[in-house]
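Student: Hey, dropping upload13.cif in here, mmCIF, C-alpha atoms:
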```
data_work
#
loop_
_atom_site.label_atom_id
_atom_site.label_comp_id
_atom_site.auth_asym_id
_atom_site.auth_seq_id
_atom_site.Cartn_x
_atom_site.Cartn_y
_atom_site.Cartn_z
CA MET A 145 149.17 7.57 118.20
CA SER A 146 152.36 8.84 119.78
CA GLU A 147 152.26 11.98 121.85
CA ILE A 148 154.99 13.55 119.72
CA ASN A 149 153.14 13.16 116.41
CA SER A 150 149.63 13.93 117.70
CA THR A 151 147.91 17.08 116.44
CA LEU A 152 145.91 19.63 118.39
CA TYR A 153 142.75 17.95 117.14
CA ASP A 154 143.91 14.69 118.74
CA LYS A 155 144.60 16.43 122.05
CA TYR A 156 141.65 18.83 122.33
CA ASP A 157 137.92 18.80 121.83
CA ILE A 158 137.60 22.14 120.00
CA GLN A 159 134.23 23.87 119.81
CA ILE A 160 132.88 27.31 119.04
CA SER A 161 130.17 27.11 121.63
CA ASN A 162 128.71 30.59 121.47
CA SER A 163 128.70 33.94 119.69
CA GLU A 164 128.26 37.40 121.14
CA ARG A 165 127.37 40.76 119.61
CA ARG A 166 129.51 43.67 120.80
CA ASN A 167 129.40 47.38 120.09
CA SER A 168 132.35 49.03 118.39
CA SER A 169 134.36 51.54 120.40
CA ILE A 170 134.64 53.76 117.31
CA ALA A 171 130.98 54.13 116.42
CA ILE A 172 128.14 53.24 118.77
CA GLN A 173 125.82 52.21 115.92
CA ASP A 174 128.40 49.73 114.61
CA CYS A 175 128.66 46.27 116.09
CA TYR A 176 130.67 43.14 115.52
CA ILE A 177 130.44 39.47 116.44
CA VAL A 178 132.91 37.55 118.60
CA TYR A 179 133.01 33.76 118.83
CA LEU A 180 133.80 31.79 121.97
CA ILE A 181 136.36 29.04 121.30
CA GLN A 182 136.47 26.33 123.95
CA CYS A 183 139.27 23.76 124.05
CA ARG A 184 139.01 20.82 126.43
CA ALA A 185 141.46 17.97 126.81
CA ARG A 186 140.14 14.78 125.24
CA THR A 187 139.53 11.82 127.51
CA GLY A 188 142.44 9.41 127.66
CA ILE A 189 145.11 12.08 127.08
CA SER A 190 148.11 11.59 129.33
CA SER A 191 148.52 14.17 132.09
CA SER A 192 152.22 14.35 131.27
CA GLN A 193 151.36 16.34 128.14
CA ASP A 194 150.48 19.39 130.26
CA ILE A 195 147.18 20.05 128.44
CA GLN A 196 144.93 22.71 129.90
CA SER A 197 141.43 23.76 128.95
CA SER A 198 140.86 27.27 127.66
CA CYS A 199 138.16 29.71 126.54
CA VAL A 200 139.00 32.62 124.22
CA PHE A 201 136.97 35.10 122.18
CA ARG A 202 137.93 35.75 118.55
CA ARG A 203 136.51 38.00 115.84
CA TYR A 204 136.12 36.94 112.23
CA SER A 205 138.97 39.32 111.32
CA ASP A 206 141.21 37.39 113.75
CA PHE A 207 140.52 34.20 111.82
CA GLU A 208 141.38 36.06 108.60
CA THR A 209 144.68 37.32 109.99
CA LEU A 210 145.68 33.87 111.20
CA ARG A 211 144.86 32.29 107.86
CA ASN A 212 146.74 34.95 105.87
CA TYR A 213 149.78 34.28 108.04
CA LEU A 214 149.57 30.53 107.44
CA VAL A 215 149.10 30.97 103.68
CA ALA A 216 152.20 33.17 103.53
CA LYS A 217 154.30 30.84 105.68
CA TYR A 218 153.19 27.52 104.17
CA SER A 219 152.72 28.35 100.50
CA TRP A 220 152.64 24.67 99.46
CA ILE A 221 149.84 23.72 101.85
CA ILE A 222 146.13 23.90 101.05
CA VAL A 223 145.22 25.95 104.11
CA PRO A 224 141.56 25.47 105.17
CA VAL A 225 139.29 28.24 103.93
CA LEU A 226 137.02 30.55 105.89
CA PRO A 227 133.27 30.99 105.37
CA GLU A 228 132.15 33.94 103.26
CA LYS A 229 131.23 37.21 104.92
CA THR A 230 128.07 37.70 102.87
CA ILE A 231 125.64 35.05 101.72
CA SER A 232 125.65 34.21 98.01
CA HIS A 233 123.67 31.71 95.90
CA THR A 234 120.69 31.81 98.24
CA TRP A 235 116.92 31.99 97.91
CA SER A 236 115.07 35.29 98.21
CA LYS A 237 113.89 35.04 101.83
CA SER A 238 117.24 34.07 103.30
CA HIS A 239 118.75 36.75 105.52
CA GLN A 240 121.54 38.87 104.06
CA ASP A 241 122.52 40.85 107.18
CA ARG A 242 125.99 39.68 108.28
CA THR A 243 125.05 40.06 111.96
CA SER A 244 121.66 38.36 111.77
CA VAL A 245 121.13 35.33 113.99
CA GLU A 246 120.87 32.91 111.07
CA VAL A 247 124.02 34.16 109.31
CA VAL A 248 126.03 34.20 112.54
CA GLU A 249 124.97 30.63 113.36
CA ARG A 250 125.84 29.38 109.87
CA ARG A 251 129.20 31.11 110.10
CA ARG A 252 129.82 29.66 113.57
CA ILE A 253 129.37 26.13 112.23
CA LEU A 254 131.79 26.75 109.35
CA LEU A 255 134.36 28.47 111.57
CA GLU A 256 134.29 25.46 113.86
CA ARG A 257 134.93 23.20 110.88
CA PHE A 258 137.77 25.52 109.84
CA LEU A 259 139.41 25.04 113.24
CA HIS A 260 138.92 21.27 113.09
CA ASN A 261 140.57 21.03 109.65
CA LEU A 262 143.34 23.39 110.72
CA CYS A 263 144.14 21.52 113.93
CA ALA A 264 143.99 18.12 112.21
CA HIS A 265 146.75 19.11 109.79
CA PRO A 266 150.12 17.92 111.20
CA THR A 267 152.13 20.89 109.90
CA LEU A 268 149.65 23.69 110.54
CA SER A 269 148.73 22.29 113.95
CA SER A 270 152.34 22.49 115.11
CA ASP A 271 152.67 26.20 114.32
CA PRO A 272 153.00 28.23 117.55
CA ALA A 273 150.59 30.91 116.28
CA VAL A 274 147.81 28.32 115.87
CA LYS A 275 148.28 26.92 119.35
CA THR A 276 148.42 30.38 120.92
CA PHE A 277 145.35 31.45 118.91
CA LEU A 278 143.35 28.63 120.49
CA LEU A 279 144.69 28.51 124.02
CA GLU A 280 145.74 32.04 125.03
CA ASN A 281 143.99 35.39 124.98
CA ASP A 282 147.06 37.27 123.76
CA GLY A 283 150.35 36.43 122.14
CA TRP A 284 149.32 35.03 118.77
CA LYS A 285 149.24 38.46 117.10
CA HIS A 286 152.79 39.15 118.26
CA ILE A 287 153.92 35.92 116.58
CA VAL A 288 152.15 36.89 113.36
CA ASP A 289 153.37 40.50 113.36
CA SER A 290 156.98 39.64 114.22
CA SER A 291 157.16 37.20 111.31
CA HIS A 292 156.46 40.01 108.77
CA LEU A 293 155.09 37.32 106.46
CA ILE A 294 151.75 38.92 105.73
CA ASN A 295 153.20 42.20 104.47
CA LYS A 296 155.77 40.33 102.42
CA SER A 297 153.19 38.08 100.81
CA GLU A 298 150.87 41.01 100.05
CA SER A 299 153.67 42.89 98.31
CA LEU A 300 155.03 40.00 96.23
CA ILE A 301 152.33 37.48 95.44
CA PRO A 302 149.68 39.79 93.89
CA SER A 303 152.26 41.12 91.41
CA PHE A 304 152.65 37.63 89.98
CA LYS A 305 149.83 36.33 87.79
CA LEU A 306 149.78 32.93 86.18
CA ASN A 307 149.46 32.91 82.41
CA LEU A 308 148.64 29.39 81.32
CA MET A 309 148.96 30.09 77.61
CA GLN A 310 152.33 31.85 77.94
CA HIS A 311 154.00 29.19 80.10
CA GLU A 312 152.22 26.08 78.86
CA ARG A 313 155.33 24.69 77.17
CA THR A 314 157.67 25.11 80.13
CA LYS A 315 155.40 24.36 83.11
CA ASP A 316 155.15 21.06 84.91
CA LYS A 317 152.11 19.33 83.41
CA ARG A 318 151.03 18.08 86.83
CA PHE A 319 150.52 21.66 87.99
CA LEU A 320 148.84 22.64 84.74
CA ASP A 321 146.40 19.79 85.28
CA GLY A 322 145.91 20.92 88.89
CA TYR A 323 145.17 24.47 87.80
CA GLN A 324 142.67 23.32 85.17
CA TYR A 325 141.12 20.95 87.69
CA ALA A 326 140.54 23.86 90.09
CA ILE A 327 138.93 25.94 87.33
CA ASP A 328 136.63 23.12 86.22
CA LEU A 329 135.64 22.22 89.79
CA ASN A 330 134.94 25.86 90.66
CA ASN A 331 132.75 26.30 87.56
CA ALA A 332 130.84 23.08 88.27
CA LEU A 333 130.20 23.92 91.92
CA HIS A 334 129.05 27.47 91.18
CA CYS A 335 126.70 26.21 88.46
CA VAL A 336 125.21 23.78 90.98
CA LEU A 337 124.87 26.53 93.60
CA ARG A 338 123.22 28.96 91.17
CA SER A 339 120.81 26.32 89.91
CA ARG A 340 119.90 25.24 93.43
CA ALA A 341 119.28 28.88 94.44
CA ARG A 342 116.85 29.31 91.54
CA VAL A 343 115.08 26.03 92.37
CA ALA A 344 114.86 26.94 96.05
CA ASP A 345 113.46 30.37 95.23
CA ARG A 346 110.76 28.92 93.00
CA THR A 347 109.99 26.19 95.51
CA PHE A 348 109.56 28.77 98.27
CA GLN A 349 107.24 30.86 96.10
CA TYR A 350 105.24 27.75 95.13
CA TYR A 351 104.70 26.73 98.75
CA GLN A 352 103.93 30.27 99.86
CA SER A 353 101.32 30.64 97.12
CA HIS A 354 99.22 28.07 98.97
CA ASN A 355 98.71 30.58 101.78
CA GLN A 356 96.02 32.24 99.69
CA LEU A 357 94.39 28.89 98.99
CA GLY A 358 94.30 28.05 102.72
CA ARG A 359 92.62 31.37 103.53
CA LEU A 360 90.08 30.84 100.75
CA PHE A 361 89.16 27.42 102.11
CA SER A 362 88.76 28.82 105.63
CA HIS A 363 86.59 31.68 104.37
CA TRP A 364 84.55 29.32 102.23
CA SER A 365 83.89 27.05 105.23
CA THR A 366 81.79 29.79 106.87
CA ASN A 367 79.26 29.62 104.02
CA GLU A 368 78.83 25.84 104.04
CA ASP A 369 77.00 23.57 106.46
CA LYS A 370 77.94 19.96 105.79
CA LEU A 371 81.12 20.81 103.88
CA GLY A 372 82.24 23.52 106.32
CA ASP A 373 84.20 21.28 108.70
CA SER A 374 86.03 19.58 105.83
CA LEU A 375 86.96 22.92 104.28
CA GLN A 376 88.13 24.24 107.63
CA ARG A 377 90.38 21.21 108.23
CA ALA A 378 91.69 21.32 104.66
CA GLY A 379 92.51 25.01 105.02
CA HIS A 380 94.44 24.22 108.20
CA PHE A 381 96.49 21.50 106.47
CA ILE A 382 97.16 23.75 103.48
CA ASP A 383 98.43 26.51 105.80
CA SER A 384 100.70 23.99 107.50
CA TYR A 385 101.89 22.75 104.11
CA SER A 386 102.75 26.26 102.87
CA GLY A 387 104.78 27.08 106.00
CA GLN A 388 106.84 23.93 106.32
CA ILE A 389 109.19 24.59 103.38
CA GLU A 390 111.10 27.46 105.02
CA GLU A 391 112.62 25.16 107.64
CA TYR A 392 113.68 22.68 104.97
CA LEU A 393 115.24 25.41 102.84
CA HIS A 394 117.33 26.55 105.79
CA GLU A 395 118.59 22.98 106.09
CA GLU A 396 119.45 23.12 102.39
CA ASP A 397 121.34 26.36 103.00
CA ALA A 398 123.51 24.64 105.58
CA LEU A 399 124.40 21.91 103.07
CA MET A 400 125.09 24.45 100.34
CA ASP A 401 127.42 26.30 102.70
CA PHE A 402 129.65 23.22 102.68
CA LEU A 403 129.58 23.16 98.86
CA LYS A 404 130.58 26.84 98.77
CA HIS A 405 133.32 25.90 101.20
CA GLN A 406 134.62 23.38 98.66
CA ALA A 407 134.48 25.98 95.89
CA SER A 408 136.69 28.28 97.96
CA TYR A 409 139.40 25.62 97.97
CA CYS A 410 139.71 26.04 94.20
CA ASP A 411 141.30 29.47 94.69
CA VAL A 412 143.74 27.93 97.17
CA ILE A 413 144.81 25.32 94.62
CA LYS A 414 145.28 28.00 91.98
CA SER A 415 147.43 30.07 94.34
CA ILE A 416 149.64 27.02 94.95
CA VAL A 417 150.08 26.58 91.20
CA GLU A 418 150.91 30.28 90.89
CA LYS A 419 153.53 29.91 93.62
CA HIS A 420 155.02 26.99 91.68
CA GLU A 421 155.20 29.20 88.60
CA GLU A 422 156.86 31.95 90.62
CA LEU A 423 159.53 29.56 91.88
CA SER A 424 160.02 28.16 88.36
CA GLU A 425 160.53 31.65 86.99
CA ASP A 426 163.04 32.40 89.73
CA ASN A 427 164.89 29.18 88.92
CA ASN A 428 164.99 30.14 85.23
CA ARG A 429 166.30 33.62 86.08
CA GLN A 430 169.08 32.16 88.18
CA GLU A 431 170.09 29.79 85.39
CA THR A 432 170.04 32.65 82.86
CA LYS A 433 172.25 34.80 85.09
CA LEU A 434 174.67 31.90 85.50
CA GLY A 435 174.85 31.41 81.73
CA VAL A 436 175.54 35.10 81.15
CA LYS A 437 178.30 35.16 83.76
CA ARG A 438 179.97 32.10 82.23
CA THR A 439 179.78 33.58 78.75
CA HIS A 440 181.36 36.85 79.91
CA ARG A 441 184.08 34.98 81.73
CA ASP A 442 184.92 32.81 78.68
CA ASP A 443 184.91 35.80 76.34
CA TYR A 444 187.22 37.72 78.63
CA ALA A 445 189.59 34.77 79.10
CA ASN A 446 189.75 34.17 75.33
CA HIS A 447 190.36 37.89 74.53
CA LYS A 448 187.08 38.22 72.67
CA ILE A 449 186.05 41.83 72.08
CA ASN A 450 182.81 43.02 73.58
CA PHE A 451 181.58 46.47 72.64
CA SER A 452 182.48 48.49 75.72
CA VAL A 453 184.94 51.31 76.43
CA ASN A 454 187.04 49.16 78.78
CA SER A 455 187.43 46.38 76.22
CA PHE A 456 188.66 48.82 73.55
CA LYS A 457 191.12 50.36 75.97
CA SER A 458 192.47 46.91 76.81
CA LYS A 459 192.98 46.14 73.13
CA LEU A 460 194.62 49.49 72.31
CA PHE A 461 196.88 49.96 75.33
CA GLY A 462 197.19 46.43 76.63
CA GLU A 463 196.28 45.11 80.06
CA ASN A 464 198.33 44.14 83.08
CA GLU A 465 198.42 40.34 83.37
CA GLU A 466 198.19 40.41 87.15
CA ARG A 467 195.11 42.57 86.94
CA ARG A 468 193.71 40.32 84.25
CA TYR A 469 194.10 37.16 86.34
CA ALA A 470 192.57 38.94 89.35
CA LYS A 471 189.54 39.85 87.26
CA ILE A 472 189.18 36.28 86.01
CA GLU A 473 189.33 35.03 89.61
CA SER A 474 186.65 37.54 90.56
CA MET A 475 184.48 36.31 87.69
CA ASP A 476 185.03 32.70 88.81
CA SER A 477 183.94 33.68 92.32
CA ASP A 478 180.79 35.31 90.93
CA ILE A 479 180.10 32.17 88.90
CA ASN A 480 180.46 29.99 92.00
CA ASP A 481 178.00 32.23 93.83
CA ALA A 482 175.61 32.02 90.89
CA VAL A 483 175.93 28.21 90.86
CA LEU A 484 175.04 28.17 94.56
CA HIS A 485 172.00 30.39 93.91
CA CYS A 486 170.90 28.06 91.11
CA GLN A 487 171.25 25.03 93.33
CA ASN A 488 169.27 26.66 96.13
CA ALA A 489 166.53 27.77 93.72
CA ASP A 490 166.34 24.27 92.26
CA ILE A 491 166.14 22.71 95.74
CA ARG A 492 163.37 25.13 96.76
CA LEU A 493 161.42 24.34 93.59
CA LYS A 494 161.74 20.57 93.92
CA GLU A 495 160.86 20.61 97.63
CA PHE A 496 157.85 22.83 96.96
CA ASN A 497 156.69 20.64 94.07
CA LYS A 498 156.95 17.48 96.16
CA ASN A 499 154.97 18.89 99.11
CA ALA A 500 152.41 20.74 96.96
CA LEU A 501 151.55 17.71 94.84
CA ILE A 502 151.05 15.61 97.97
CA GLU A 503 148.70 18.29 99.35
CA ILE A 504 146.71 18.50 96.09
CA ASP A 505 146.31 14.72 95.87
CA PHE A 506 145.24 14.57 99.52
CA TYR A 507 142.69 17.33 98.95
CA LYS A 508 141.21 15.54 95.93
CA THR A 509 140.68 12.39 97.99
CA MET A 510 139.20 14.32 100.91
CA LYS A 511 137.03 16.42 98.60
CA GLN A 512 135.47 13.39 96.93
CA GLU A 513 134.31 11.96 100.25
CA GLN A 514 133.01 15.28 101.54
CA ILE A 515 131.11 16.19 98.36
CA ARG A 516 129.70 12.65 98.20
CA GLU A 517 128.36 13.06 101.76
CA ILE A 518 126.95 16.54 101.03
CA LEU A 519 125.07 15.37 97.93
CA ARG A 520 123.84 12.27 99.74
CA SER A 521 122.48 14.44 102.57
CA TYR A 522 120.85 16.74 100.00
CA CYS A 523 119.08 13.78 98.37
CA LEU A 524 117.88 12.50 101.75
CA LEU A 525 116.55 15.98 102.53
CA GLN A 526 114.57 16.03 99.27
CA VAL A 527 113.09 12.65 100.22
CA ARG A 528 112.00 14.10 103.56
CA ILE A 529 110.44 17.11 101.82
CA ALA A 530 108.58 14.84 99.40
CA LYS A 531 107.33 12.58 102.21
CA SER A 532 106.16 15.58 104.21
CA ALA A 533 104.35 16.99 101.18
CA LEU A 534 102.76 13.59 100.48
CA LYS A 535 101.54 13.37 104.06
CA SER A 536 100.07 16.90 103.88
CA TRP A 537 98.22 16.24 100.63
CA THR A 538 97.00 12.89 101.92
CA ASN A 539 95.51 14.67 104.93
CA ILE A 540 93.92 17.29 102.66
CA ARG A 541 92.44 14.55 100.45
CA ASP A 542 91.08 12.69 103.46
CA CYS A 543 89.28 15.83 104.63
CA PHE A 544 86.89 15.31 101.70
CA SER A 545 86.63 11.54 101.99
CA SER A 546 83.39 10.17 103.36
CA GLU A 547 84.99 6.84 104.32
CA GLN A 548 88.21 8.04 106.01
CA THR A 549 89.00 10.52 108.69
CA PRO A 550 92.01 12.86 108.31
CA LEU A 551 95.29 11.79 109.87
#
```
Can I see the file as structure tokens?
Tutor:
Amino acid sequence: MSEINSTLYDKYDIQISNSERRNSSIAIQDCYIVYLIQCRARTGISSSQDIQSSCVFRRYSDFETLRNYLVAKYSWIIVPVLPEKTISHTWSKSHQDRTSVEVVERRRILLERFLHNLCAHPTLSSDPAVKTFLLENDGWKHIVDSSHLINKSESLIPSFKLNLMQHERTKDKRFLDGYQYAIDLNNALHCVLRSRARVADRTFQYYQSHNQLGRLFSHWSTNEDKLGDSLQRAGHFIDSYSGQIEEYLHEEDALMDFLKHQASYCDVIKSIVEKHEELSEDNNRQETKLGVKRTHRDDYANHKINFSVNSFKSKLFGENEERRYAKIESMDSDINDAVLHCQNADIRLKEFNKNALIEIDFYKTMKQEQIREILRSYCLLQVRIAKSALKSWTNIRDCFSSEQTPL
């Protein structure tokens, strides 16, 4: 790969190696988490590229600000999504505190993946705000603030809402299909996440219910002579069996986090389709304005009466020819300006459509591989759980076997 076309991901080994809890300067009881981003030059990178290692701390809100800036600047790109602030679709014993060790660790893993996806994208990786965000303590916020893109996007984009039924006849079918695809994928993923959360909750309760059985066996062993040792060993294996599921469910949570990550991309795709609709509407407005200007110019040149005070005065008292020609020239100039606006709007729309469709197709390909790997890992985890359970129950059975000793 050439040095010119290489991304930040090609140049740096990017890791979020640690997290740190800090107290807020506003309220002592409030705290927040900062994440340590370490960037080291990859082996084999030429020294002529002037690559230096760096360590910077960033808050979750800093990641949000950077992403909002990128979404506003590159509206046709599927910008990588951030992990959720609060845990959803989880089993009952999973921690909900945003600053708990488990939640912070899960978020650290997903934030690191966010940076990897961001820095692997050729366009996003080349943005100066992204590079400064990773390599310098300060400076990136100045780039974001001086662009004024976030305020502009917040004031314009929310006011526009896509109405599929209203614009179905005029919209590009490729974007309609993309919008429907995002809706269907989002519904499917959330159904899977909800179902898994219910299964995990019941599984946890089922395993935990064996705690009582283990205690009963241990208590029973004190009243038996020959059977006492077997009951004691069986109670020990049952206790071990009831406690092993929590670790496995936390592994499941990590896999489900990646599925939730994929569901978040659905909103990004829908926002791209909405931006396409916004540009299409702007293009239609420009064409309508051009048509109105041409109609007014032709009516005026052909002495057609329009119902205005000036037109009646011109008919009653006549109009100076020199003034008339000057007005026609002014109308022609306005028409030329309108033609230029139409051409620019059409170029913007076509360029956006081209880039956005490439991004959507690329995401679909990437998504298929990632979801395939997530579901494969989930199946392998269930096999491990089943094998562990089989081993536990085999040991419990062997405690009462006169021919075999427990494993």
Student: Which residues, named as in the file, does the PyMOL selection byres ((chain A and resi 404) around 12) pick out? Answer as a VMD selection string.
Tutor: chain A and resid 225 to 228 230 to 234 254 329 to 338 397 to 403 405 to 411 515 518
Student: Counting all atoms listed in the file, which residue out of A:Ser362, A:Lys508, A:Ser161, A:Thr187 sits closest to Gln376 in chain A?
Tutor: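 For Gln376 in chain A, the nearest of the candidates is A:Ser362.
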Student: Considering only C-alpha atoms, state which residue in the set A:Arg467, A:Leu262, A:Ala344, A:Val247 is at the smallest distance from Val215 in chain A.
Tutor: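 Of A:Arg467, A:Leu262, A:Ala344, A:Val247, the one nearest Val215 in chain A is A:Leu262, counting only C-alpha atoms.
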Student: Name the closest residue to Arg252 in chain A among the candidates A:Ile160, A:Val343, A:Cys486, A:Leu393; distances are taken between atoms, counting only C-alpha atoms.
Tutor: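 When distances to Arg252 in chain A are compared using only C-alpha atoms, the smallest one comes from A:Ile160.
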Student: Residues near Thr243 in chain A, anyone? I mean within 12 Å using all atoms listed in the file, not counting same-chain ones fewer than 4 positions away, as a count of residues only.
Tutor: 21
Student: Could you tell me which residues the PyMOL selection byres ((chain A and resi 500) around 10) grabs in this file, written as a count of residues only?
Tutor: 23
Student: Hey, which of A:His363, A:Arg318, A:Arg211, A:Arg184 ends up closest to Cys199 in chain A? Count all atoms listed in the file.
Tutor: A:Arg184
Student: Between CA of Ala445 in chain A and CA of Gln430 in chain A, what is the spacing in Å?
Tutor: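 If I compute the distance from CA of Gln430 in chain A to CA of Ala445 in chain A, I get 22.6 Å.
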Student: Work out how far apart CA of Phe201 in chain A and CA of Cys183 in chain A are and give it in Å to one decimal.
Tutor: 11.7 Å
Student: On this structure, which residues satisfy the PyMOL selection byres ((chain A and resi 263) around 9), written as a ChimeraX atom specification?
Tutor: /A:151-154,158,258-262,264-270,274-275
